[in-house]
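*Asks:* Can you read through this structure? Questions will come right after.
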Amino acid sequence: MSKLLILTRYDRSGPSSRYRFYNYVDYLETNGITCSIKPLFNKEYLDLSYSGSSRVFSVIRCYLRRFNDLLGIKQYDLILIEKELFPFLPAWVESFFYLSRVNYIIDYDDAIFHRYDQHENRIIRFLLSEKIAKLMKGAETVISGNKYIANYANHFAQQDKLIIPTVVNTDLYDQTFSEKNQKFTIVWIGTQSTAKYVESVSEAIKEVCIKTNGRFLMIGARANLPGVPVDFVDWSEVDEIRQLKSCHVGIMPLPDQHWERGKCGFKIIQYMASKIPVIASPVGVNSSIINEGENGYLATTVSEWAECLFKVYNEYDHHLVMNGYQNIVSNYSLSHTSPTILETLSSHISKENIDKKVVDDFGFEWSIFDNEAELSNTNLKEIWEDYFHIFPWNILPRSGGVGADIGCGSGRWAKFVAPKVKKLYLVDPSIEAISVAKKKLSQFNNLEFSIASADSFSVDDESLDFAYSLGVLHHIPNTNQSFQSISKKLKKGAPLLVYLYYSFDNKPAFHRYLWKFSDLIRIFISGLPSRPKYYISQVIAILVYWPIARLGYLLVKLGFDVRNVWPLIYYSNKSFYFMKNDALDRFGTRLEQRFSKNQIKSFFVDNGFTDITFSEREPYWCACGIKK
């Protein structure tokens with residue numbers, strides 16, 4: 001299953017998020033895409049918005065939650081974003097810290113760029129007027145709700161552009177029954193931000209309601225409508241369709257302004273799906289959805305609005321209503337757009353379980369740290385033994401068997417394994433890494449090199465007597481998939497040794513807080529070009545790794561038992577060269593995942609391994625399992 005992260009503006013209580021994202025989840029998951037939705041704003045924020053209360057602290061909480069959600073974005077195959085990550089923050093914050101490291105598709109159902117380029121504050125216009133253009137430019141695809149937004153995207157986005165309107169699930173409308181209100185009822189549905197538009201036609205509504213003894217129903221918002229007999233109803237997902245279908249006509253007034261031209265006409269779509277007549281302003285996409293007199297009416301002046309409302313009251317036009325409904329089924333229904341959404345997302349989800357940017361990072365790393373010049377063979381073997389002391393050499397064939405080093409890097413561990421076995425495959429997707437390994441291990445004649453990922457490594461199933469992957473699988477988008485691929489290559493009874501970054505589950509809580517802080521720094525550094533990234537990591541090695549590790553070494557020598565509490569204690573007796581290498585590895589890599597002991601055990605168990613052994617010494621977690 002491919003993994004999609006959907007970063008919405010709101011949870012299900014927000015109409016745009018609900019209809020443009022949540023409603024597609026079941027269809028996508030049925031077709032092999034696992035969806036995880038992370039909204040920015042929640043119902044608390046929306047309630048405060050509607051009530052007019054201060055939203056400052058709610059916004060801060062929402063922003064902090066999104067920052068936390070973004071720490072794990074590299075585990076997903078694709079990111080789908082509604083509008084932007086952080087409203088009113090510059091594009092460089094989103095791109096530099098997050099979007100430069102992932103493939104993303106961005107979706108707009110409003111002309112949100114006008115929120116910035118036409119803002120009344122000159123500072124905001126200066127800082128943010130080009131924000132949306134920059135986000136569009138970096139996206140794999142820009143999805144627009146209408147032509148107005150798509151035309152804007154065409155000026156900036158070099159990649160694919162796609163128009164997908166906001167749509168409804170017509171099955172839900174067909175299955176919902178509602179009796180018509182006894183009184184002639186005009187309905188408007190929307191949010192508080194658009195309720196002001198109703199006031200422009202309030203005189204027409206008042207005139208019609210008074211002369212017909214009718215009512216006006218506002219769903220989801222309130223407006224100042226003197227003299228209008230109005231009922232205000234809170235929006236409810238459960239009752240929304242029933243309330244619409246109980247009415248006699250739906251309205252969508254809009255002024256002809258830039259922001260409004262970017263609207264997607266969703267109210268019209270809901271009214272037509274409810275099989276009630278529609279009257280709307282001829283603004284933006286409204287004129288595309290409505291064919292005047294065929295499936296609805298368009299009105300500009302107050303007198304035109306009153307005339308259209310009276311026309312609906314005096315004569316129910318079944319032909320017009322059914323034309324509107326058929327327009328929705330054919331062009332604005334979930335069943336119509338779902339295949340397009342699926343095809344678009346699938347085309348941008350990498351089928352190969354690697355992150356090409358991470359591969360480039362490691363190619364650069366191993367071209368610098370080939371472990372020959374400064375790290376002694378004795379030091380390197382000590383580290384190798386830290387990993388391999390739980391490996392069951394005794395169950396291999398007498399010849400040592402045939403094995404694989406998955407993610408071999410520079411080949412630094414293979415130099416100790418090769419003398420013990422009949423044949424060893426060195427597998428890595430980085431051409432640079434394989435080149436370093438070939439040069440480094442030229443004295444061995446029992447090695448075969450393969451430029452491939454764990455998933456694409458080409459040997460027969462059940463042909464390997466053992467495999468190991470050290471410090472690699474946490475840098476792969478789908479770690480479990482790689483476990484599965486390796487398992488298929490192993491014979492029954494073959495051992496697999498892995499080392500995965502751990503989530504500090506055996507350490508005091510402050511270790512986890514330190515890691516979260518350092519991970520924010522890693523996110524920043526890993527987005528830099530290779531050379532600046534290298535130099536900064538070396539400064540970290542000098543100013544952080546070396547003093548903390550050496551102080552830990554001193555405390556141990558003085559008799560203090562700090563091995564489970566002191567940060568970086570594993571490096572206390574390691575060479576400075578090793579620290580520099582690991583600093584680049586840790587802070588220079590865009591994708592890093594961490595797992596608990598139980599999660600690692602699940603990887604083994606779920607992929608057919610038994611007799612799972614965990615190392616009781618650092619580095620954690622090093623684990624070995626036997627293929628059933």
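Going through the structure tokens in order, the chains are called A, B, and so on, while each chain numbers its residues from 1 and the ligands are numbered from 1 in the order shown.
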For Thr337 in chain A, please output as number ranges by chain all residues within 9 Å (counting only C-alpha atoms; exclusion window: fewer than 5 positions along the same chain).
*Replies:* A: 164-165, 167, 331-332, 342
*Asks:* Write the selection just made, keeping all heavy atoms, as a short mmCIF file (atom, residue, chain, number, x, y, z; two decimals), in the first residue's frame?
*Replies:*
```cif
data_model
loop_
_atom_site.label_atom_id
_atom_site.label_comp_id
_atom_site.auth_asym_id
_atom_site.auth_seq_id
_atom_site.Cartn_x
_atom_site.Cartn_y
_atom_site.Cartn_z
N ILE A 164 -10.03 20.35 -10.97
CA ILE A 164 -10.98 19.42 -10.37
C ILE A 164 -11.92 20.22 -9.49
O ILE A 164 -11.51 20.78 -8.47
CB ILE A 164 -10.27 18.33 -9.54
CG1 ILE A 164 -9.35 17.50 -10.44
CG2 ILE A 164 -11.30 17.43 -8.85
CD1 ILE A 164 -8.61 16.40 -9.71
N PRO A 165 -13.19 20.32 -9.86
CA PRO A 165 -14.13 21.11 -9.06
C PRO A 165 -14.40 20.44 -7.71
O PRO A 165 -14.12 19.26 -7.51
CB PRO A 165 -15.38 21.13 -9.93
CG PRO A 165 -15.29 19.88 -10.75
CD PRO A 165 -13.83 19.67 -11.00
N VAL A 167 -16.86 18.67 -5.40
CA VAL A 167 -17.98 17.83 -5.83
C VAL A 167 -18.71 17.23 -4.64
O VAL A 167 -18.24 17.30 -3.49
CB VAL A 167 -17.49 16.70 -6.76
CG1 VAL A 167 -16.83 17.26 -8.01
CG2 VAL A 167 -16.53 15.76 -6.02
N ASN A 331 -20.80 16.01 -14.10
CA ASN A 331 -19.59 16.83 -14.03
C ASN A 331 -19.12 17.18 -12.62
O ASN A 331 -17.95 17.55 -12.45
CB ASN A 331 -19.84 18.15 -14.78
CG ASN A 331 -20.20 17.94 -16.22
OD1 ASN A 331 -19.42 17.40 -17.00
ND2 ASN A 331 -21.41 18.37 -16.60
N TYR A 332 -19.97 17.07 -11.62
CA TYR A 332 -19.62 17.55 -10.29
C TYR A 332 -19.94 16.53 -9.20
O TYR A 332 -20.28 16.88 -8.08
CB TYR A 332 -20.36 18.86 -9.99
CG TYR A 332 -20.04 19.96 -10.98
CD1 TYR A 332 -20.86 20.19 -12.07
CD2 TYR A 332 -18.91 20.76 -10.82
CE1 TYR A 332 -20.57 21.19 -13.00
CE2 TYR A 332 -18.60 21.76 -11.74
CZ TYR A 332 -19.44 21.96 -12.82
OH TYR A 332 -19.14 22.95 -13.73
N LEU A 342 -7.41 9.64 -8.28
CA LEU A 342 -6.59 8.44 -8.09
C LEU A 342 -5.46 8.37 -9.09
O LEU A 342 -4.30 8.11 -8.74
CB LEU A 342 -7.47 7.19 -8.20
CG LEU A 342 -6.74 5.85 -8.11
CD1 LEU A 342 -6.10 5.66 -6.74
CD2 LEU A 342 -7.70 4.69 -8.41
#
```
*Asks:* Leaving out Arg125 in chain A and any residue of its chain fewer than 2 positions from it, which residues lie within 12 Å of it when counting only C-alpha atoms, given as a list in words?
*Replies:*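 The neighbour list is Phe88, Pro90, Phe113, His114, Arg115, Tyr116, Asp117, Gln118, His119, Glu120, Asn121, Arg122, Ile123, Leu127, Leu128, Ser129, Glu130 and Lys131 of chain A.
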*Asks:* Keeping only N, CA and C atoms, write those residues as a CSV table (one decimal), in the first residue's frame.
*Replies:*
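Wrote part23.csv, looks like this:
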```
chain,number,residue,atom,x,y,z
A,88,PHE,N,0.1,32.9,6.4
A,88,PHE,CA,0.8,34.1,6.8
A,88,PHE,C,2.2,33.9,7.3
A,90,PRO,N,6.0,33.1,5.5
A,90,PRO,CA,6.6,33.1,4.2
A,90,PRO,C,6.8,31.8,3.5
A,113,PHE,N,-4.3,33.4,-3.2
A,113,PHE,CA,-3.2,34.3,-3.5
A,113,PHE,C,-3.6,35.8,-3.4
A,114,HIS,N,-4.9,36.0,-3.5
A,114,HIS,CA,-5.4,37.4,-3.3
A,114,HIS,C,-5.5,37.8,-1.9
A,115,ARG,N,-5.5,36.8,-1.0
A,115,ARG,CA,-5.4,37.1,0.4
A,115,ARG,C,-4.1,37.9,0.8
A,116,TYR,N,-3.1,37.6,-0.1
A,116,TYR,CA,-1.8,38.3,0.2
A,116,TYR,C,-1.5,39.4,-0.8
A,117,ASP,N,-1.7,39.2,-2.1
A,117,ASP,CA,-1.3,40.2,-3.0
A,117,ASP,C,-2.3,41.4,-3.1
A,118,GLN,N,-3.5,41.3,-2.4
A,118,GLN,CA,-4.4,42.4,-2.3
A,118,GLN,C,-4.7,42.8,-0.9
A,119,HIS,N,-3.8,42.3,0.0
A,119,HIS,CA,-4.1,42.6,1.4
A,119,HIS,C,-3.9,44.1,1.7
A,120,GLU,N,-4.7,44.7,2.6
A,120,GLU,CA,-4.7,46.1,2.9
A,120,GLU,C,-3.4,46.6,3.5
A,121,ASN,N,-2.6,45.6,4.1
A,121,ASN,CA,-1.4,45.9,4.8
A,121,ASN,C,-0.2,45.8,3.8
A,122,ARG,N,0.5,46.9,3.6
A,122,ARG,CA,1.6,46.9,2.6
A,122,ARG,C,2.7,45.9,3.0
A,123,ILE,N,2.9,45.7,4.3
A,123,ILE,CA,4.0,44.8,4.7
A,123,ILE,C,3.7,43.4,4.3
A,127,LEU,N,5.8,41.1,1.7
A,127,LEU,CA,6.4,39.8,2.2
A,127,LEU,C,5.8,38.6,1.6
A,128,LEU,N,4.4,38.6,1.3
A,128,LEU,CA,3.7,37.4,1.0
A,128,LEU,C,3.0,37.4,-0.4
A,129,SER,N,3.1,38.4,-1.1
A,129,SER,CA,2.3,38.5,-2.4
A,129,SER,C,2.7,37.4,-3.4
A,130,GLU,N,4.0,36.9,-3.3
A,130,GLU,CA,4.4,35.8,-4.2
A,130,GLU,C,4.4,34.5,-3.5
A,131,LYS,N,3.9,34.4,-2.3
A,131,LYS,CA,4.0,33.1,-1.6
A,131,LYS,C,3.4,31.9,-2.4
```
*Asks:* So that I can see what lies close to range 406-423 of chain A, please list as a PDB file with all heavy atoms, in the first residue's frame the residues with an atom at most 6 Å from it, counting only C-alpha atoms and leaving out residues fewer than 4 positions away in the same chain.
*Replies:*
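Printed below is result-v6.pdb as written:
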```
ATOM      1  N   TRP A 366      29.706   9.154   1.678  1.00  0.00           N
ATOM      2  CA  TRP A 366      30.721   8.090   1.564  1.00  0.00           C
ATOM      3  C   TRP A 366      31.880   8.494   0.657  1.00  0.00           C
ATOM      4  O   TRP A 366      32.951   7.908   0.733  1.00  0.00           O
ATOM      5  CB  TRP A 366      30.073   6.804   1.066  1.00  0.00           C
ATOM      6  CG  TRP A 366      29.052   6.267   2.030  1.00  0.00           C
ATOM      7  CD1 TRP A 366      27.762   5.920   1.756  1.00  0.00           C
ATOM      8  CD2 TRP A 366      29.216   6.051   3.430  1.00  0.00           C
ATOM      9  NE1 TRP A 366      27.116   5.516   2.891  1.00  0.00           N
ATOM     10  CE2 TRP A 366      28.000   5.572   3.940  1.00  0.00           C
ATOM     11  CE3 TRP A 366      30.291   6.217   4.321  1.00  0.00           C
ATOM     12  CZ2 TRP A 366      27.805   5.265   5.276  1.00  0.00           C
ATOM     13  CZ3 TRP A 366      30.099   5.908   5.665  1.00  0.00           C
ATOM     14  CH2 TRP A 366      28.886   5.445   6.130  1.00  0.00           C
ATOM     15  N   ASP A 370      35.405   7.614   3.727  1.00  0.00           N
ATOM     16  CA  ASP A 370      35.556   6.238   3.246  1.00  0.00           C
ATOM     17  C   ASP A 370      36.181   5.336   4.311  1.00  0.00           C
ATOM     18  O   ASP A 370      36.451   4.156   4.071  1.00  0.00           O
ATOM     19  CB  ASP A 370      36.380   6.190   1.957  1.00  0.00           C
ATOM     20  CG  ASP A 370      37.820   6.654   2.178  1.00  0.00           C
ATOM     21  OD1 ASP A 370      38.180   6.978   3.320  1.00  0.00           O
ATOM     22  OD2 ASP A 370      38.569   6.694   1.183  1.00  0.00           O
ATOM     23  N   SER A 399      30.727 -23.358   4.751  1.00  0.00           N
ATOM     24  CA  SER A 399      31.477 -22.454   3.870  1.00  0.00           C
ATOM     25  C   SER A 399      31.255 -20.984   4.220  1.00  0.00           C
ATOM     26  O   SER A 399      31.924 -20.103   3.682  1.00  0.00           O
ATOM     27  CB  SER A 399      31.065 -22.682   2.415  1.00  0.00           C
ATOM     28  OG  SER A 399      29.699 -22.317   2.222  1.00  0.00           O
ATOM     29  N   GLY A 400      30.320 -20.727   5.104  1.00  0.00           N
ATOM     30  CA  GLY A 400      29.943 -19.354   5.414  1.00  0.00           C
ATOM     31  C   GLY A 400      28.712 -18.911   4.665  1.00  0.00           C
ATOM     32  O   GLY A 400      28.035 -17.967   5.054  1.00  0.00           O
ATOM     33  N   GLY A 401      28.404 -19.599   3.564  1.00  0.00           N
ATOM     34  CA  GLY A 401      27.185 -19.322   2.819  1.00  0.00           C
ATOM     35  C   GLY A 401      27.255 -18.064   1.973  1.00  0.00           C
ATOM     36  O   GLY A 401      28.289 -17.410   1.843  1.00  0.00           O
ATOM     37  N   VAL A 402      26.116 -17.756   1.390  1.00  0.00           N
ATOM     38  CA  VAL A 402      25.965 -16.583   0.513  1.00  0.00           C
ATOM     39  C   VAL A 402      25.066 -15.567   1.222  1.00  0.00           C
ATOM     40  O   VAL A 402      23.970 -15.901   1.659  1.00  0.00           O
ATOM     41  CB  VAL A 402      25.334 -16.974  -0.836  1.00  0.00           C
ATOM     42  CG1 VAL A 402      25.120 -15.743  -1.710  1.00  0.00           C
ATOM     43  CG2 VAL A 402      26.208 -17.997  -1.549  1.00  0.00           C
ATOM     44  N   VAL A 427      24.994  -4.292  -1.705  1.00  0.00           N
ATOM     45  CA  VAL A 427      23.844  -3.676  -2.355  1.00  0.00           C
ATOM     46  C   VAL A 427      23.674  -2.240  -1.858  1.00  0.00           C
ATOM     47  O   VAL A 427      23.614  -1.993  -0.652  1.00  0.00           O
ATOM     48  CB  VAL A 427      22.554  -4.468  -2.046  1.00  0.00           C
ATOM     49  CG1 VAL A 427      21.367  -3.871  -2.791  1.00  0.00           C
ATOM     50  CG2 VAL A 427      22.732  -5.939  -2.387  1.00  0.00           C
ATOM     51  N   ASP A 428      23.605  -1.299  -2.801  1.00  0.00           N
ATOM     52  CA  ASP A 428      23.362   0.092  -2.428  1.00  0.00           C
ATOM     53  C   ASP A 428      22.842   0.839  -3.660  1.00  0.00           C
ATOM     54  O   ASP A 428      23.349   0.614  -4.768  1.00  0.00           O
ATOM     55  CB  ASP A 428      24.647   0.762  -1.925  1.00  0.00           C
ATOM     56  CG  ASP A 428      24.356   1.990  -1.074  1.00  0.00           C
ATOM     57  OD1 ASP A 428      23.907   3.016  -1.631  1.00  0.00           O
ATOM     58  OD2 ASP A 428      24.572   1.922   0.153  1.00  0.00           O
ATOM     59  N   ALA A 433      28.550   5.422  -3.615  1.00  0.00           N
ATOM     60  CA  ALA A 433      28.874   4.509  -2.528  1.00  0.00           C
ATOM     61  C   ALA A 433      29.467   3.211  -3.061  1.00  0.00           C
ATOM     62  O   ALA A 433      30.465   2.696  -2.529  1.00  0.00           O
ATOM     63  CB  ALA A 433      27.625   4.219  -1.692  1.00  0.00           C
ATOM     64  N   VAL A 436      33.073   3.702  -4.088  1.00  0.00           N
ATOM     65  CA  VAL A 436      33.985   3.718  -2.937  1.00  0.00           C
ATOM     66  C   VAL A 436      34.206   2.309  -2.416  1.00  0.00           C
ATOM     67  O   VAL A 436      35.336   1.897  -2.108  1.00  0.00           O
ATOM     68  CB  VAL A 436      33.424   4.625  -1.829  1.00  0.00           C
ATOM     69  CG1 VAL A 436      34.238   4.481  -0.544  1.00  0.00           C
ATOM     70  CG2 VAL A 436      33.420   6.079  -2.280  1.00  0.00           C
ATOM     71  N   ALA A 437      33.115   1.522  -2.314  1.00  0.00           N
ATOM     72  CA  ALA A 437      33.215   0.156  -1.782  1.00  0.00           C
ATOM     73  C   ALA A 437      34.086  -0.731  -2.671  1.00  0.00           C
ATOM     74  O   ALA A 437      34.882  -1.536  -2.174  1.00  0.00           O
ATOM     75  CB  ALA A 437      31.818  -0.438  -1.629  1.00  0.00           C
ATOM     76  N   ASN A 446      35.381 -12.561  -3.548  1.00  0.00           N
ATOM     77  CA  ASN A 446      34.098 -13.232  -3.317  1.00  0.00           C
ATOM     78  C   ASN A 446      32.959 -12.230  -3.147  1.00  0.00           C
ATOM     79  O   ASN A 446      31.941 -12.515  -2.508  1.00  0.00           O
ATOM     80  CB  ASN A 446      34.173 -14.137  -2.090  1.00  0.00           C
ATOM     81  CG  ASN A 446      34.451 -13.364  -0.800  1.00  0.00           C
ATOM     82  OD1 ASN A 446      35.005 -12.272  -0.842  1.00  0.00           O
ATOM     83  ND2 ASN A 446      34.096 -13.946   0.336  1.00  0.00           N
ATOM     84  N   LEU A 447      33.140 -11.027  -3.722  1.00  0.00           N
ATOM     85  CA  LEU A 447      32.125  -9.983  -3.605  1.00  0.00           C
ATOM     86  C   LEU A 447      31.474  -9.701  -4.948  1.00  0.00           C
ATOM     87  O   LEU A 447      32.118  -9.779  -5.992  1.00  0.00           O
ATOM     88  CB  LEU A 447      32.748  -8.684  -3.076  1.00  0.00           C
ATOM     89  CG  LEU A 447      33.513  -8.756  -1.752  1.00  0.00           C
ATOM     90  CD1 LEU A 447      34.063  -7.387  -1.380  1.00  0.00           C
ATOM     91  CD2 LEU A 447      32.623  -9.292  -0.638  1.00  0.00           C
ATOM     92  N   SER A 469      21.651  -5.411   7.506  1.00  0.00           N
ATOM     93  CA  SER A 469      21.421  -4.037   7.060  1.00  0.00           C
ATOM     94  C   SER A 469      21.590  -3.143   8.285  1.00  0.00           C
ATOM     95  O   SER A 469      20.762  -3.150   9.186  1.00  0.00           O
ATOM     96  CB  SER A 469      20.015  -3.890   6.475  1.00  0.00           C
ATOM     97  OG  SER A 469      19.817  -2.585   5.978  1.00  0.00           O
ATOM     98  N   VAL A 472      20.423   1.607   7.925  1.00  0.00           N
ATOM     99  CA  VAL A 472      19.925   1.903   6.577  1.00  0.00           C
ATOM    100  C   VAL A 472      18.405   1.997   6.518  1.00  0.00           C
ATOM    101  O   VAL A 472      17.848   2.968   5.988  1.00  0.00           O
ATOM    102  CB  VAL A 472      20.406   0.828   5.576  1.00  0.00           C
ATOM    103  CG1 VAL A 472      19.793   1.056   4.197  1.00  0.00           C
ATOM    104  CG2 VAL A 472      21.919   0.821   5.496  1.00  0.00           C
TER     105      VAL A 472
END
```
*Asks:* Using only C-alpha atoms, which of the listed residues (A:Asp585, A:Arg550, A:Phe391, A:Ile536) sits closest to Phe364 in chain A?
*Replies:*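 Among A:Asp585, A:Arg550, A:Phe391, A:Ile536, it is A:Asp585 that comes nearest to Phe364 in chain A.
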*Asks:* For Tyr468 in chain A, which residue out of A:Gly190, A:Pro547, A:Gly324, A:Gly625 is the nearest one, using only C-alpha atoms?
*Replies:*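 With only C-alpha atoms as the atom set, the closest residue is A:Gly625.
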*Asks:* Once DSSP has gone over the backbone, tell me which residues of range 367-493 of chain A are in strand (DSSP E or B), as a list in words.
*Replies:*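 After running DSSP on the backbone, range 367-493 of chain A has strand (DSSP E or B) at Val402, Gly403, Ala404, Asp405, Ile406, Lys423, Leu424, Tyr425, Leu426, Val427, Asp428, Leu447, Glu448, Phe449, Ser450, Ile451, Leu464, Phe466, Ala467, Tyr468, Ser469, Leu470 and Leu490 of chain A.
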*Asks:* Where does DSSP see helix (DSSP H, G or I) in range 228-380 of chain A, if you list the residues as a PyMOL selection string?
*Replies:* chain A and resi 240-245+258-261+266-273+286-289+302-314+318-331+334-348+356-368+377-380
*Asks:* With only C-alpha atoms as the basis for distance, which of A:Asp361, A:Asp234, A:Glu294, A:Glu343 is at the shortest distance from Leu320 in chain A?
*Replies:*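 With only C-alpha atoms as the atom set, the closest residue is A:Glu294.
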*Asks:* Counting only C-alpha atoms, what is within 9 Å of Val102 in chain A, bar same-chain residues fewer than 5 positions away, as a compact mmCIF listing (two decimals) with N, CA, C and O atoms, in the first residue's frame?
*Replies:*
```txt
# COMPACT_ATOMS: atom_id res chain seq x y z
N ILE A 73 7.10 13.53 7.90
CA ILE A 73 6.59 13.53 6.53
C ILE A 73 7.35 12.60 5.60
O ILE A 73 6.81 12.15 4.59
N LYS A 74 8.60 12.27 5.93
CA LYS A 74 9.39 11.46 5.00
C LYS A 74 8.98 9.99 4.98
O LYS A 74 9.43 9.24 4.13
N TYR A 76 6.10 9.12 4.17
CA TYR A 76 5.01 9.04 3.19
C TYR A 76 5.55 9.09 1.77
O TYR A 76 6.59 9.68 1.50
N ASP A 77 4.80 8.48 0.86
CA ASP A 77 5.20 8.45 -0.54
C ASP A 77 4.87 9.75 -1.26
O ASP A 77 5.51 10.10 -2.26
N LEU A 78 3.88 10.46 -0.77
CA LEU A 78 3.44 11.70 -1.41
C LEU A 78 2.68 12.54 -0.40
O LEU A 78 2.03 12.00 0.50
N ILE A 79 2.79 13.86 -0.54
CA ILE A 79 2.08 14.78 0.34
C ILE A 79 1.06 15.55 -0.50
O ILE A 79 1.39 16.07 -1.57
N ASP A 355 14.30 7.09 -1.37
CA ASP A 355 14.23 8.54 -1.52
C ASP A 355 15.49 8.97 -2.25
O ASP A 355 16.59 8.87 -1.72
```
*Asks:* Hey, what's within 6 Å of range 487-501 of chain A if we count only C-alpha atoms and toss same-chain stuff fewer than 5 positions away? As a ChimeraX atom specification, please?
*Replies:* /A:461-471,474,594,621-628
*Asks:* Write the residues you've just listed into a file as a CSV table (one decimal), in the first residue's frame, and include N, CA and C atoms for each of them.
*Replies:*
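Generated output (selection37.csv):
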```csv
chain,number,residue,atom,x,y,z
A,461,ASP,N,14.5,-15.6,-5.0
A,461,ASP,CA,13.9,-15.8,-3.7
A,461,ASP,C,14.5,-17.0,-3.0
A,462,GLU,N,14.6,-16.9,-1.7
A,462,GLU,CA,15.1,-18.0,-0.8
A,462,GLU,C,16.4,-18.5,-1.3
A,463,SER,N,17.3,-17.6,-1.7
A,463,SER,CA,18.7,-18.0,-2.2
A,463,SER,C,19.8,-17.5,-1.2
A,464,LEU,N,19.5,-16.7,-0.2
A,464,LEU,CA,20.5,-16.2,0.7
A,464,LEU,C,20.6,-16.9,2.0
A,465,ASP,N,21.8,-17.2,2.5
A,465,ASP,CA,21.9,-17.8,3.7
A,465,ASP,C,21.9,-16.8,4.9
A,466,PHE,N,22.1,-15.6,4.6
A,466,PHE,CA,22.0,-14.5,5.7
A,466,PHE,C,22.0,-13.2,5.0
A,467,ALA,N,21.6,-12.2,5.8
A,467,ALA,CA,21.7,-10.8,5.3
A,467,ALA,C,21.8,-9.9,6.5
A,468,TYR,N,22.4,-8.7,6.3
A,468,TYR,CA,22.4,-7.7,7.3
A,468,TYR,C,22.2,-6.3,6.7
A,469,SER,N,21.7,-5.4,7.5
A,469,SER,CA,21.4,-4.0,7.1
A,469,SER,C,21.6,-3.1,8.3
A,470,LEU,N,22.7,-2.4,8.3
A,470,LEU,CA,23.0,-1.6,9.5
A,470,LEU,C,22.9,-0.1,9.2
A,471,GLY,N,22.0,0.5,10.0
A,471,GLY,CA,21.9,2.0,9.8
A,471,GLY,C,21.3,2.4,8.5
A,474,HIS,N,16.0,2.7,8.4
A,474,HIS,CA,15.3,3.9,8.9
A,474,HIS,C,15.4,5.1,8.0
A,594,ARG,N,12.5,6.8,13.5
A,594,ARG,CA,12.9,6.1,14.7
A,594,ARG,C,11.9,5.1,15.2
A,621,TRP,N,18.6,0.2,18.3
A,621,TRP,CA,18.4,-1.2,18.6
A,621,TRP,C,19.0,-2.0,17.5
A,622,CYS,N,19.9,-2.9,17.9
A,622,CYS,CA,20.5,-3.8,17.0
A,622,CYS,C,19.8,-5.2,17.3
A,623,ALA,N,19.2,-5.8,16.3
A,623,ALA,CA,18.4,-7.0,16.5
A,623,ALA,C,18.6,-8.0,15.4
A,624,CYS,N,18.4,-9.3,15.7
A,624,CYS,CA,18.6,-10.4,14.8
A,624,CYS,C,17.4,-11.3,14.9
A,625,GLY,N,16.9,-11.8,13.7
A,625,GLY,CA,15.8,-12.7,13.7
A,625,GLY,C,16.2,-13.8,12.7
A,626,ILE,N,15.5,-15.0,12.9
A,626,ILE,CA,15.7,-16.2,12.0
A,626,ILE,C,14.5,-16.4,11.2
A,627,LYS,N,14.7,-16.5,9.9
A,627,LYS,CA,13.5,-16.7,8.9
A,627,LYS,C,12.9,-18.1,9.2
A,628,LYS,N,11.6,-18.1,9.4
A,628,LYS,CA,10.9,-19.3,9.7
A,628,LYS,C,11.0,-20.3,8.6
```
*Asks:* Just want the 10 Å neighbourhood of Ala195 in chain A, counted on only C-alpha atoms, with same-chain residues fewer than 2 positions away dropped. Output as a list of chain:residue names.
*Replies:*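 Returned residues: A:Trp188, A:Ile189, A:Gly190, A:Thr191, A:Gln192, A:Ser193, A:Tyr197, A:Val198, A:Glu199, A:Met218, A:Ile219, A:Gly220, A:Ala221, A:Arg222, A:Ala223, A:Asn224, A:Pro253.
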*Asks:* Between CA of Ala204 in chain A and CA of Ile269 in chain A, what distance in Å does the model show, to one decimal?
*Replies:*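 According to the coordinates, CA of Ala204 in chain A and CA of Ile269 in chain A are separated by 22.5 Å.
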*Asks:* Identify, on the basis of only C-alpha atoms, every residue whose closest approach to Ile525 in chain A does not exceed 8 Å; exclude the query and any residue fewer than 5 positions from it along the same chain; express the result as an MDAnalysis selection string.
*Replies:* chainID A and resid 533 536 587:588
*Asks:* Return the single residue from A:Phe216, A:Tyr24, A:Phe156, A:Phe576 that is closest to Gly250 in chain A, with distances computed using only C-alpha atoms.
*Replies:*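 Ranking A:Phe216, A:Tyr24, A:Phe156, A:Phe576 by distance to Gly250 in chain A, first place goes to A:Phe216.
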*Asks:* Between A:Thr378, A:Ser202, A:Ser458, A:Ser274, which is the closest to Ala306 in chain A once you count only C-alpha atoms?
*Replies:*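 Nearest candidate to Ala306 in chain A out of A:Thr378, A:Ser202, A:Ser458, A:Ser274: A:Ser202.
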